[in-house]
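Heads up, entry.txt below (compact mmCIF, C-alpha atoms (C1' of nucleotides)):
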```txt
# COMPACT_ATOMS: atom_id res chain seq x y z
CA MET S 1 -31.53 33.60 0.48
CA PRO S 2 -31.98 37.35 0.18
CA GLN S 3 -28.81 37.38 -1.86
CA LYS S 4 -30.29 38.03 -5.24
CA THR S 5 -32.71 40.51 -3.72
CA ARG S 6 -29.95 42.64 -2.31
CA LEU S 7 -28.03 42.48 -5.50
CA SER S 8 -30.86 43.78 -7.58
CA ARG S 9 -31.73 46.41 -5.04
CA GLU S 10 -28.16 47.58 -5.17
CA ARG S 11 -28.34 47.82 -8.93
CA TRP S 12 -31.29 50.18 -8.65
CA ILE S 13 -29.47 52.31 -6.11
CA GLU S 14 -26.39 52.40 -8.28
CA ALA S 15 -28.43 53.49 -11.26
CA ALA S 16 -30.16 56.09 -9.12
CA LEU S 17 -26.84 57.62 -8.13
CA ASP S 18 -25.75 57.69 -11.76
CA ALA S 19 -28.95 59.40 -12.77
CA LEU S 20 -28.60 61.82 -9.88
CA ALA S 21 -25.14 62.75 -11.07
CA ASP S 22 -26.08 63.72 -14.55
CA GLY S 23 -29.71 64.70 -14.30
CA GLY S 24 -30.31 65.85 -10.76
CA VAL S 25 -32.91 64.63 -8.32
CA ALA S 26 -35.63 64.84 -10.94
CA ALA S 27 -33.79 62.27 -13.02
CA VAL S 28 -34.12 59.69 -10.28
CA ALA S 29 -37.30 58.51 -11.94
CA VAL S 30 -38.64 55.01 -11.98
CA GLU S 31 -39.48 54.47 -15.61
CA PRO S 32 -36.35 56.02 -17.13
CA LEU S 33 -34.20 54.03 -14.73
CA ALA S 34 -36.07 50.87 -15.58
CA THR S 35 -35.39 51.47 -19.24
CA ARG S 36 -31.75 52.10 -18.56
CA LEU S 37 -31.53 48.89 -16.56
CA GLY S 38 -33.36 46.93 -19.22
CA VAL S 39 -36.31 46.01 -17.03
CA THR S 40 -39.75 47.43 -16.35
CA LYS S 41 -41.41 49.11 -13.41
CA GLY S 42 -42.69 45.72 -12.36
CA SER S 43 -39.26 45.06 -10.98
CA PHE S 44 -38.89 48.35 -9.21
CA TYR S 45 -42.07 48.17 -7.20
CA TRP S 46 -41.08 44.82 -5.88
CA HIS S 47 -37.83 46.14 -4.43
CA PHE S 48 -39.10 49.54 -3.34
CA HIS S 49 -42.37 50.85 -2.11
CA ASP S 50 -41.87 54.26 -3.54
CA ARG S 51 -39.77 56.48 -5.71
CA ASP S 52 -38.87 58.26 -2.53
CA GLU S 53 -37.66 55.07 -0.92
CA LEU S 54 -35.17 54.66 -3.74
CA LEU S 55 -34.02 58.23 -3.40
CA ALA S 56 -33.57 57.83 0.33
CA ALA S 57 -31.62 54.62 -0.13
CA ALA S 58 -29.38 56.22 -2.72
CA LEU S 59 -28.73 59.21 -0.49
CA ASP S 60 -27.92 56.92 2.37
CA GLU S 61 -25.41 55.07 0.26
CA TRP S 62 -23.94 58.36 -0.90
CA GLU S 63 -23.62 59.67 2.63
CA GLN S 64 -21.87 56.59 3.91
CA THR S 65 -19.32 56.07 1.20
CA GLY S 66 -18.73 59.69 0.30
CA THR S 67 -18.19 61.62 3.47
CA GLU S 68 -17.24 59.16 6.14
CA GLY S 69 -15.14 57.10 3.80
CA LEU S 70 -13.11 60.08 2.64
CA ILE S 71 -12.54 61.40 6.12
CA GLU S 72 -11.39 58.05 7.39
CA ARG S 73 -8.87 57.72 4.63
CA LEU S 74 -7.58 61.22 5.19
CA ASP S 75 -7.08 60.64 8.86
CA GLU S 76 -4.36 58.17 8.05
CA ILE S 77 -2.12 61.03 6.96
CA ALA S 78 -0.14 62.43 9.84
CA ASP S 79 0.91 65.95 8.81
CA PRO S 80 -2.08 68.33 8.80
CA ARG S 81 -0.56 70.48 6.09
CA GLU S 82 -0.13 67.41 3.99
CA ARG S 83 -3.70 66.42 4.78
CA LEU S 84 -4.99 69.72 3.50
CA ALA S 85 -3.07 69.33 0.28
CA LYS S 86 -4.37 65.80 -0.07
CA TRP S 87 -7.87 66.98 0.65
CA ALA S 88 -7.57 69.73 -1.93
CA ARG S 89 -6.23 67.36 -4.55
CA ARG S 90 -8.88 64.79 -3.86
CA VAL S 91 -11.72 67.20 -3.62
CA LEU S 92 -10.79 69.48 -6.48
CA GLY S 93 -10.16 66.57 -8.75
CA ALA S 94 -13.27 64.75 -7.68
CA ASP S 95 -16.49 64.71 -9.56
CA LYS S 96 -18.97 66.72 -7.57
CA ALA S 97 -21.93 66.15 -9.83
CA GLN S 98 -23.91 64.35 -7.16
CA LEU S 99 -23.12 66.86 -4.46
CA THR S 100 -24.10 69.71 -6.75
CA ALA S 101 -27.32 67.96 -7.68
CA LEU S 102 -28.19 67.65 -4.02
CA HIS S 103 -27.45 71.29 -3.35
CA ALA S 104 -29.73 72.13 -6.23
CA ALA S 105 -32.48 70.26 -4.43
CA ALA S 106 -31.68 71.55 -0.97
CA ASP S 107 -35.35 72.15 -0.29
CA HIS S 108 -36.43 68.60 -1.05
CA PRO S 109 -37.69 66.98 2.14
CA THR S 110 -35.75 63.78 1.57
CA VAL S 111 -32.57 65.52 0.50
CA ALA S 112 -32.44 68.29 3.08
CA PRO S 113 -31.47 66.31 6.20
CA VAL S 114 -28.80 64.31 4.40
CA LEU S 115 -27.31 67.40 2.88
CA ARG S 116 -27.37 69.17 6.18
CA ARG S 117 -25.61 66.39 8.03
CA THR S 118 -23.01 66.02 5.32
CA THR S 119 -22.28 69.72 5.12
CA GLU S 120 -21.96 70.09 8.86
CA ARG S 121 -19.72 67.08 9.11
CA ARG S 122 -17.38 68.31 6.41
CA LEU S 123 -17.20 71.84 7.74
CA GLN S 124 -16.41 70.54 11.17
CA TYR S 125 -13.71 68.28 9.79
CA LEU S 126 -12.13 71.05 7.76
CA ALA S 127 -12.14 73.44 10.68
CA ALA S 128 -10.45 70.85 12.85
CA LEU S 129 -7.91 70.29 10.14
CA LEU S 130 -7.08 73.96 9.87
CA HIS S 131 -6.92 74.25 13.62
CA GLU S 132 -4.45 71.40 13.87
CA ALA S 133 -2.37 73.21 11.29
CA GLY S 134 -2.07 76.16 13.61
CA VAL S 135 -5.02 78.38 12.81
CA PRO S 136 -6.89 79.62 15.89
CA PRO S 137 -10.32 78.01 16.33
CA ALA S 138 -12.67 80.88 15.45
CA THR S 139 -10.63 81.80 12.41
CA ALA S 140 -10.45 78.16 11.46
CA ARG S 141 -14.21 77.93 11.42
CA ARG S 142 -14.62 80.95 9.20
CA ARG S 143 -11.90 79.77 6.85
CA ALA S 144 -13.34 76.29 6.70
CA HIS S 145 -16.57 77.93 5.60
CA LEU S 146 -14.77 79.91 2.96
CA LEU S 147 -12.68 76.99 1.85
CA TYR S 148 -15.51 74.56 1.48
CA SER S 149 -17.48 77.24 -0.29
CA ALA S 150 -14.66 77.74 -2.72
CA ASP S 151 -14.56 74.03 -3.31
CA LEU S 152 -18.23 73.91 -4.16
CA GLY S 153 -18.09 77.04 -6.24
CA LEU S 154 -15.06 76.12 -8.26
CA TYR S 155 -16.85 73.11 -9.58
CA GLN S 156 -19.89 75.11 -10.53
CA ILE S 157 -17.86 77.76 -12.24
CA ALA S 158 -16.05 75.10 -14.19
CA ARG S 159 -19.38 73.70 -15.29
CA ALA S 160 -20.70 77.11 -16.20
CA LEU S 161 -17.67 77.76 -18.37
CA ASP S 162 -17.90 74.14 -19.44
CA ALA S 163 -14.21 73.99 -18.87
CA GLN S 164 -12.61 70.62 -19.18
CA SER S 165 -11.21 69.30 -15.92
CA PRO S 166 -8.09 71.27 -14.95
CA THR S 167 -4.69 70.10 -16.09
CA GLU S 168 -2.21 68.77 -13.60
CA ARG S 169 -0.29 72.01 -13.67
CA GLU S 170 -3.36 74.16 -13.06
CA LEU S 171 -4.36 71.89 -10.26
CA ARG S 172 -0.97 72.28 -8.60
CA ALA S 173 -1.10 76.05 -8.90
CA LEU S 174 -4.58 76.15 -7.45
CA ILE S 175 -3.69 73.91 -4.55
CA ARG S 176 -0.66 76.02 -3.78
CA GLU S 177 -2.86 79.09 -3.93
CA ILE S 178 -5.32 77.52 -1.53
CA CYS S 179 -2.66 76.44 0.93
CA ASP S 180 -1.04 79.85 0.80
CA THR S 181 -4.33 81.57 1.19
CA PHE S 182 -5.92 79.58 3.93
CA LEU S 183 -2.96 78.32 5.89
CA ARG S 184 -0.80 81.04 7.20
CA MET T 1 -50.52 100.67 -29.32
CA PRO T 2 -48.42 97.71 -28.22
CA GLN T 3 -48.39 99.23 -24.76
CA LYS T 4 -50.59 96.75 -23.00
CA THR T 5 -48.92 93.92 -24.88
CA ARG T 6 -45.54 94.78 -23.52
CA LEU T 7 -46.88 95.24 -20.05
CA SER T 8 -48.45 91.85 -19.94
CA ARG T 9 -45.40 90.26 -21.46
CA GLU T 10 -43.35 91.80 -18.71
CA ARG T 11 -45.67 90.37 -16.11
CA TRP T 12 -45.04 86.89 -17.46
CA ILE T 13 -41.31 87.45 -17.40
CA GLU T 14 -41.46 88.76 -13.89
CA ALA T 15 -43.43 85.74 -12.76
CA ALA T 16 -40.98 83.48 -14.56
CA LEU T 17 -38.08 84.98 -12.63
CA ASP T 18 -39.95 84.52 -9.39
CA ALA T 19 -40.66 80.91 -10.20
CA LEU T 20 -37.06 80.41 -11.23
CA ALA T 21 -35.90 81.73 -7.89
CA ASP T 22 -37.87 79.35 -5.77
CA GLY T 23 -38.39 76.33 -7.96
CA GLY T 24 -35.57 76.26 -10.47
CA VAL T 25 -35.79 76.12 -14.22
CA ALA T 26 -38.36 73.33 -14.07
CA ALA T 27 -40.72 75.64 -12.25
CA VAL T 28 -40.82 78.04 -15.17
CA ALA T 29 -43.87 76.19 -16.42
CA VAL T 30 -46.75 77.67 -18.32
CA GLU T 31 -49.76 76.38 -16.48
CA PRO T 32 -48.51 76.95 -12.94
CA LEU T 33 -47.47 80.48 -13.85
CA ALA T 34 -50.83 81.11 -15.45
CA THR T 35 -52.54 80.04 -12.27
CA ARG T 36 -50.31 82.25 -10.20
CA LEU T 37 -51.06 85.18 -12.47
CA GLY T 38 -54.76 84.45 -12.40
CA VAL T 39 -55.09 83.82 -16.11
CA THR T 40 -55.02 80.79 -18.36
CA LYS T 41 -52.63 79.42 -20.94
CA GLY T 42 -54.66 81.18 -23.58
CA SER T 43 -52.95 84.35 -22.52
CA PHE T 44 -49.48 82.90 -22.50
CA TYR T 45 -49.55 81.50 -25.98
CA TRP T 46 -50.56 84.84 -27.33
CA HIS T 47 -47.51 86.56 -25.87
CA PHE T 48 -45.02 83.74 -26.40
CA HIS T 49 -44.61 81.04 -28.93
CA ASP T 50 -43.04 78.62 -26.53
CA ARG T 51 -42.16 77.86 -22.98
CA ASP T 52 -38.59 78.24 -24.08
CA GLU T 53 -39.22 81.71 -25.42
CA LEU T 54 -40.36 82.78 -21.98
CA LEU T 55 -37.33 81.23 -20.38
CA ALA T 56 -35.03 82.97 -22.83
CA ALA T 57 -36.74 86.29 -22.26
CA ALA T 58 -36.49 85.89 -18.50
CA LEU T 59 -32.82 85.01 -18.72
CA ASP T 60 -32.21 88.00 -20.92
CA GLU T 61 -33.86 90.25 -18.40
CA TRP T 62 -31.83 88.67 -15.62
CA GLU T 63 -28.59 89.09 -17.47
CA GLN T 64 -29.18 92.74 -18.21
CA THR T 65 -30.31 93.96 -14.83
CA GLY T 66 -28.26 91.61 -12.69
CA THR T 67 -24.73 91.66 -13.98
CA GLU T 68 -24.31 94.79 -16.01
CA GLY T 69 -26.43 96.84 -13.68
CA LEU T 70 -24.44 95.84 -10.64
CA ILE T 71 -21.10 96.45 -12.30
CA GLU T 72 -22.09 99.87 -13.48
CA ARG T 73 -23.19 100.89 -10.04
CA LEU T 74 -20.01 99.59 -8.49
CA ASP T 75 -17.85 101.47 -10.93
CA GLU T 76 -19.02 104.69 -9.41
CA ILE T 77 -16.99 103.93 -6.30
CA ALA T 78 -13.45 105.23 -6.61
CA ASP T 79 -11.38 103.24 -4.11
CA PRO T 80 -10.87 99.64 -5.26
CA ARG T 81 -10.61 98.37 -1.72
CA GLU T 82 -13.85 100.06 -0.94
CA ARG T 83 -15.34 98.57 -4.10
CA LEU T 84 -14.40 95.10 -2.99
CA ALA T 85 -16.00 95.63 0.38
CA LYS T 86 -19.08 97.01 -1.31
CA TRP T 87 -19.14 94.10 -3.68
CA ALA T 88 -18.83 91.65 -0.80
CA ARG T 89 -21.60 93.31 1.12
CA ARG T 90 -23.87 93.49 -1.86
CA VAL T 91 -23.15 90.03 -3.09
CA LEU T 92 -23.11 88.22 0.23
CA GLY T 93 -26.27 89.88 1.31
CA ALA T 94 -27.97 89.35 -2.01
CA ASP T 95 -30.41 86.62 -2.77
CA LYS T 96 -28.70 84.25 -5.13
CA ALA T 97 -31.63 81.94 -5.63
CA GLN T 98 -31.85 82.68 -9.34
CA LEU T 99 -28.16 82.34 -9.93
CA THR T 100 -28.09 79.05 -8.08
CA ALA T 101 -31.06 77.79 -10.04
CA LEU T 102 -29.24 78.57 -13.25
CA HIS T 103 -26.09 76.83 -12.11
CA ALA T 104 -28.23 73.83 -11.29
CA ALA T 105 -29.38 73.82 -14.90
CA ALA T 106 -25.99 74.57 -16.41
CA ASP T 107 -26.51 71.92 -19.06
CA HIS T 108 -29.79 73.34 -20.32
CA PRO T 109 -29.30 74.60 -23.88
CA THR T 110 -31.09 77.88 -23.22
CA VAL T 111 -29.41 78.50 -19.91
CA ALA T 112 -25.85 77.52 -20.76
CA PRO T 113 -24.80 80.48 -22.94
CA VAL T 114 -26.31 83.04 -20.60
CA LEU T 115 -24.67 81.49 -17.60
CA ARG T 116 -21.37 81.27 -19.38
CA ARG T 117 -21.37 84.91 -20.43
CA THR T 118 -22.40 86.06 -16.98
CA THR T 119 -19.79 83.99 -15.21
CA GLU T 120 -17.01 85.12 -17.50
CA ARG T 121 -18.03 88.73 -17.17
CA ARG T 122 -18.08 88.63 -13.41
CA LEU T 123 -14.80 86.80 -13.12
CA GLN T 124 -13.16 89.27 -15.41
CA TYR T 125 -14.57 92.16 -13.44
CA LEU T 126 -13.45 90.74 -10.12
CA ALA T 127 -9.95 90.05 -11.42
CA ALA T 128 -9.68 93.61 -12.67
CA LEU T 129 -10.86 94.85 -9.32
CA LEU T 130 -8.24 92.85 -7.43
CA HIS T 131 -5.60 93.93 -9.87
CA GLU T 132 -6.43 97.58 -9.35
CA ALA T 133 -6.10 96.95 -5.65
CA GLY T 134 -2.53 95.91 -6.16
CA VAL T 135 -2.63 92.18 -6.80
CA PRO T 136 -0.53 91.05 -9.76
CA PRO T 137 -2.60 89.96 -12.79
CA ALA T 138 -2.10 86.21 -12.77
CA THR T 139 -2.68 85.98 -9.05
CA ALA T 140 -5.66 88.25 -9.41
CA ARG T 141 -7.25 85.88 -11.87
CA ARG T 142 -6.79 82.88 -9.61
CA ARG T 143 -8.06 84.76 -6.60
CA ALA T 144 -11.03 86.06 -8.51
CA HIS T 145 -11.83 82.48 -9.30
CA LEU T 146 -11.52 81.51 -5.66
CA LEU T 147 -13.43 84.53 -4.47
CA TYR T 148 -16.34 84.14 -6.79
CA SER T 149 -16.40 80.45 -5.98
CA ALA T 150 -16.57 81.26 -2.31
CA ASP T 151 -19.40 83.63 -3.01
CA LEU T 152 -21.41 80.98 -4.81
CA GLY T 153 -20.56 78.32 -2.28
CA LEU T 154 -21.35 80.36 0.82
CA TYR T 155 -24.89 80.76 -0.37
CA GLN T 156 -25.29 77.08 -1.01
CA ILE T 157 -23.85 76.13 2.32
CA ALA T 158 -26.19 78.51 4.02
CA ARG T 159 -29.08 76.89 2.20
CA ALA T 160 -27.87 73.42 3.07
CA LEU T 161 -27.71 74.34 6.74
CA ASP T 162 -30.91 76.28 6.20
CA ALA T 163 -29.26 79.05 8.12
CA GLN T 164 -31.15 82.26 8.30
CA SER T 165 -29.42 85.11 6.49
CA PRO T 166 -26.35 86.20 8.44
CA THR T 167 -26.60 88.92 11.04
CA GLU T 168 -24.99 92.26 10.48
CA ARG T 169 -22.13 91.34 12.77
CA GLU T 170 -21.44 88.04 11.08
CA LEU T 171 -21.55 89.77 7.74
CA ARG T 172 -18.95 92.27 8.86
CA ALA T 173 -16.67 89.55 10.18
CA LEU T 174 -16.97 87.62 6.97
CA ILE T 175 -16.27 90.64 4.81
CA ARG T 176 -13.22 91.47 6.87
CA GLU T 177 -12.10 87.90 6.52
CA ILE T 178 -12.53 88.06 2.78
CA CYS T 179 -10.70 91.33 2.42
CA ASP T 180 -7.87 90.08 4.62
CA THR T 181 -7.70 86.83 2.78
CA PHE T 182 -7.89 87.94 -0.79
CA LEU T 183 -6.38 91.38 -0.67
CA ARG T 184 -2.85 91.41 0.61
C1' DT M 1 -43.06 16.70 -9.70
C1' DT M 2 -45.43 19.81 -7.51
C1' DC M 3 -45.47 23.80 -4.69
C1' DT M 4 -43.95 28.13 -3.06
C1' DG M 5 -41.52 32.33 -2.88
C1' DT M 6 -38.87 35.58 -5.71
C1' DC M 7 -38.67 38.50 -9.28
C1' DA M 8 -40.39 40.66 -13.56
C1' DA M 9 -43.84 41.93 -17.51
C1' DT M 10 -48.21 43.85 -18.86
C1' DA M 11 -51.95 46.65 -18.58
C1' DC M 12 -54.47 50.12 -16.40
C1' DG M 13 -55.95 54.78 -14.35
C1' DC M 14 -54.32 59.09 -12.68
C1' DT M 15 -51.92 63.65 -12.68
C1' DC M 16 -49.29 67.26 -14.59
C1' DC M 17 -47.64 69.68 -18.21
C1' DC M 18 -47.19 70.97 -23.24
C1' DG M 19 -48.98 72.92 -27.36
C1' DT M 20 -53.12 73.77 -30.71
C1' DA M 21 -57.59 75.23 -32.18
C1' DT M 22 -61.28 77.91 -31.75
C1' DG M 23 -64.36 80.97 -30.05
C1' DG M 24 -65.40 84.84 -26.99
C1' DT M 25 -64.56 89.64 -24.87
C1' DT M 26 -62.98 94.22 -24.71
C1' DG M 27 -61.53 98.65 -26.04
C1' DA M 28 -60.00 102.05 -29.42
C1' DC M 29 -61.23 104.34 -33.37
C1' DC M 30 -63.91 105.61 -37.41
C1' DG Z 1 -72.68 101.49 -33.03
C1' DG Z 2 -69.94 98.70 -35.97
C1' DT Z 3 -65.23 97.04 -36.98
C1' DC Z 4 -60.83 95.35 -36.08
C1' DA Z 5 -57.08 94.03 -33.44
C1' DA Z 6 -55.50 92.75 -28.96
C1' DC Z 7 -56.15 89.77 -25.47
C1' DC Z 8 -58.01 85.80 -22.93
C1' DA Z 9 -60.97 81.38 -21.92
C1' DT Z 10 -62.29 76.80 -23.04
C1' DA Z 11 -61.65 72.52 -24.79
C1' DC Z 12 -58.98 69.19 -26.87
C1' DG Z 13 -55.05 65.61 -27.86
C1' DG Z 14 -50.65 63.92 -26.48
C1' DG Z 15 -46.57 62.58 -23.72
C1' DA Z 16 -44.17 61.47 -19.50
C1' DG Z 17 -44.24 59.67 -14.78
C1' DC Z 18 -46.36 57.61 -10.75
C1' DG Z 19 -48.41 53.87 -8.48
C1' DT Z 20 -51.59 49.50 -8.54
C1' DA Z 21 -53.27 45.08 -9.88
C1' DT Z 22 -52.79 41.08 -12.08
C1' DT Z 23 -50.52 37.56 -14.25
C1' DG Z 24 -46.35 35.05 -15.75
C1' DA Z 25 -41.60 32.84 -15.39
C1' DC Z 26 -38.46 30.38 -12.86
C1' DA Z 27 -35.69 28.28 -9.24
C1' DG Z 28 -35.25 25.63 -5.33
C1' DA Z 29 -37.46 22.94 -1.53
C1' DA Z 30 -40.59 19.28 -0.28
```

What would the structure in this file look like if it were written as structure tokens?
Amino acid sequence: MPQKTRLSRERWIEAALDALADGGVAAVAVEPLATRLGVTKGSFYWHFHDRDELLAAALDEWEQTGTEGLIERLDEIADPRERLAKWARRVLGADKAQLTALHAAADHPTVAPVLRRTTERRLQYLAALLHEAGVPPATARRRAHLLYSADLGLYQIARALDAQSPTERELRALIREICDTFLR
Amino acid sequence: MPQKTRLSRERWIEAALDALADGGVAAVAVEPLATRLGVTKGSFYWHFHDRDELLAAALDEWEQTGTEGLIERLDEIADPRERLAKWARRVLGADKAQLTALHAAADHPTVAPVLRRTTERRLQYLAALLHEAGVPPATARRRAHLLYSADLGLYQIARALDAQSPTERELRALIREICDTFLR
DNA sequence: TTCTGTCAATACGCTCCCGTATGGTTGACC
DNA sequence: GGTCAACCATACGGGAGCGTATTGACAGAA
């Protein structure tokens, strides 16, 4: 019975995440999204009470699939060193538009808690990963900080230089650099 | 004769940079700034043709004092290793709200060229610095990339965790970590 | 077939911001 | 003390979003 409801709600959330990726939190706006979806606000306010409810739902979706999903898939790899390489490849290659958009809105009351949880979770995971690879705990925490920072920053620098996504060769060199730098 | 003109113009630019720091590019808005300055739009549109003209002027100011100013001051320090430490201290301690706001608006037509120039300039400077400290050129470029990325990212992570600015001790540990990591 | 719940369109008022037009104020200088 | 330019206030029209209220379409159950 609530089949079609859920479907349509999901379409709004999907569109919200798209808009978030290329226009930031401010682009998660009812009327523009309605236009993009080929409907009017009349639809939106049936599925959601608020603009903020949509944003919250989208962030929830993002949190579930993005962080936890990735970590679970990584945990299937046995060798920690290999896991780091995999992580680097996945993360460096990935599109971080949404993540960056959220960081840009770190003060937003709806965004802040999600971003905080996600960041903490990832840092903790990375530190554990480095520790398993032989780095002592305290050092691992600091390096996880540095490493995740580098990850975030690299994307932003690339955007600032509006560099095209790195070639396979550049990616390999960078991953090697990261492994050499952070795992020794 | 155009004394008072320039002064008032500067006040607008100053306010624009403040607004940029804590509200992003979107917050560089005429009417809110006018309110904050205790005047009305009537004033603004005498000094500037456009909202965009204000933004451009503010970015110009930022580019001049921020990047070139910092580099010139750093160049007075002789020892490269010392320069890196100084850079780390200055940069890690600094408030990067404006820089982050600009990265968040990397697609904005007025922001993009400024951000691009600044980023390139800083990367180039950092690479030269690492090179002078004994790192071979190609490696220096990659590490400069990583290092500047880490710089950007550390700030964002701190914001995401809404951590207070790091204590003196933490700052020291981090700087040591950075020197150890990137200079060997 | 009628009724009911689900979903969407239309129309409205509100707020915030932009940019323009126009008139006032002030101060320097003759 | 009148003039002119610099500077600012007031008042307007317009666009983009938000959220509400009301009505309409349509499908499935009774």

Taking all atoms listed in the file into account, report as a list in words which residues of chain Z lie within 10 Å of chain T.
DA6, DC7, DC8, DA9 and DT10 of chain Z

Any idea which chain M residues end up within 8 Å of chain S if we count only C-alpha atoms (C1' of nucleotides), as a ChimeraX atom specification please?
/M:7-9

Output file for the selection above: C-alpha atoms (C1' of nucleotides), as a PDB file, in the coordinates of the input:
```pdb
ATOM      1  C1'  DC M   7     -38.670  38.500  -9.280  1.00  0.00           C
ATOM      2  C1'  DA M   8     -40.390  40.660 -13.560  1.00  0.00           C
ATOM      3  C1'  DA M   9     -43.840  41.930 -17.510  1.00  0.00           C
TER       4       DA M   9
END
```

Residues of chain T within 6 Å of chain S, using only C-alpha atoms, as a PyMOL selection string?
chain T and resi 104+106+116+146+149-150+152-154+160-161

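Across T:Leu126, T:Ala88, T:Arg121, T:Leu20, the tightest approach to Gln64 of chain T is made by T:Arg121 when counting all atoms listed in the file.
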
If we count all atoms listed in the file, what is near segment 65-81 of chain T at a cut-off of 8 Å, once residues fewer than 5 positions away on the same chain are taken out, given as a JSON list (two decimals) with C-alpha atoms, in the frame of the given file?
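Output file part.json is given in full below:
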```json
[["chain", "number", "residue", "atom", "x", "y", "z"],
["T", 86, "LYS", "CA", -19.08, 97.01, -1.31],
["T", 87, "TRP", "CA", -19.14, 94.10, -3.68],
["T", 118, "THR", "CA", -22.40, 86.06, -16.98],
["T", 121, "ARG", "CA", -18.03, 88.73, -17.17],
["T", 122, "ARG", "CA", -18.08, 88.63, -13.41],
["T", 125, "TYR", "CA", -14.57, 92.16, -13.44],
["T", 129, "LEU", "CA", -10.86, 94.85, -9.32],
["T", 130, "LEU", "CA", -8.24, 92.85, -7.43],
["T", 132, "GLU", "CA", -6.43, 97.58, -9.35],
["T", 133, "ALA", "CA", -6.10, 96.95, -5.65]]
```

Point-to-point distance from atom CA of Arg51 of chain T to atom CA of Ala34 of chain T, Å rounded to tenths
11.9 Å

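Compared by their closest atoms to DT20 of chain M, and using all atoms listed in the file, the residues Z:DG17, Z:DC12, Z:DG28, Z:DT22 rank with Z:DC12 nearest.
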
Using atom CA of Arg90 of chain S and atom CA of Val28 of chain S as the two end points, give the distance in Å to one decimal.
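Separation of atom CA of Arg90 of chain S and atom CA of Val28 of chain S: 26.5 Å.
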
Shell of 12 Å around segment 13-17 of chain M, only C-alpha atoms (C1' of nucleotides), local chain residues under 6 positions omitted, as an NGL selection string:
(:T and (26-33 or 41 or 51)) or (:Z and (14-21))

Those residues you just picked out, can you put them in a file as a short mmCIF file (atom, residue, chain, number, x, y, z; two decimals), keeping the file's coordinate frame with C-alpha atoms (C1' of nucleotides)?
```cif
data_model
loop_
_atom_site.label_atom_id
_atom_site.label_comp_id
_atom_site.auth_asym_id
_atom_site.auth_seq_id
_atom_site.Cartn_x
_atom_site.Cartn_y
_atom_site.Cartn_z
CA ALA T 26 -38.36 73.33 -14.07
CA ALA T 27 -40.72 75.64 -12.25
CA VAL T 28 -40.82 78.04 -15.17
CA ALA T 29 -43.87 76.19 -16.42
CA VAL T 30 -46.75 77.67 -18.32
CA GLU T 31 -49.76 76.38 -16.48
CA PRO T 32 -48.51 76.95 -12.94
CA LEU T 33 -47.47 80.48 -13.85
CA LYS T 41 -52.63 79.42 -20.94
CA ARG T 51 -42.16 77.86 -22.98
"C1'" DG Z 14 -50.65 63.92 -26.48
"C1'" DG Z 15 -46.57 62.58 -23.72
"C1'" DA Z 16 -44.17 61.47 -19.50
"C1'" DG Z 17 -44.24 59.67 -14.78
"C1'" DC Z 18 -46.36 57.61 -10.75
"C1'" DG Z 19 -48.41 53.87 -8.48
"C1'" DT Z 20 -51.59 49.50 -8.54
"C1'" DA Z 21 -53.27 45.08 -9.88
#
```

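In this structure, atom CA of His108 of chain S sits 16.0 Å away from atom CA of Glu63 of chain S.
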
Shell around DC29 of chain M at 12 Å using only C-alpha atoms (C1' of nucleotides), local window under 4 positions removed, as JSON, numbers by chain:
{"Z": [1, 2, 3, 4, 5]}
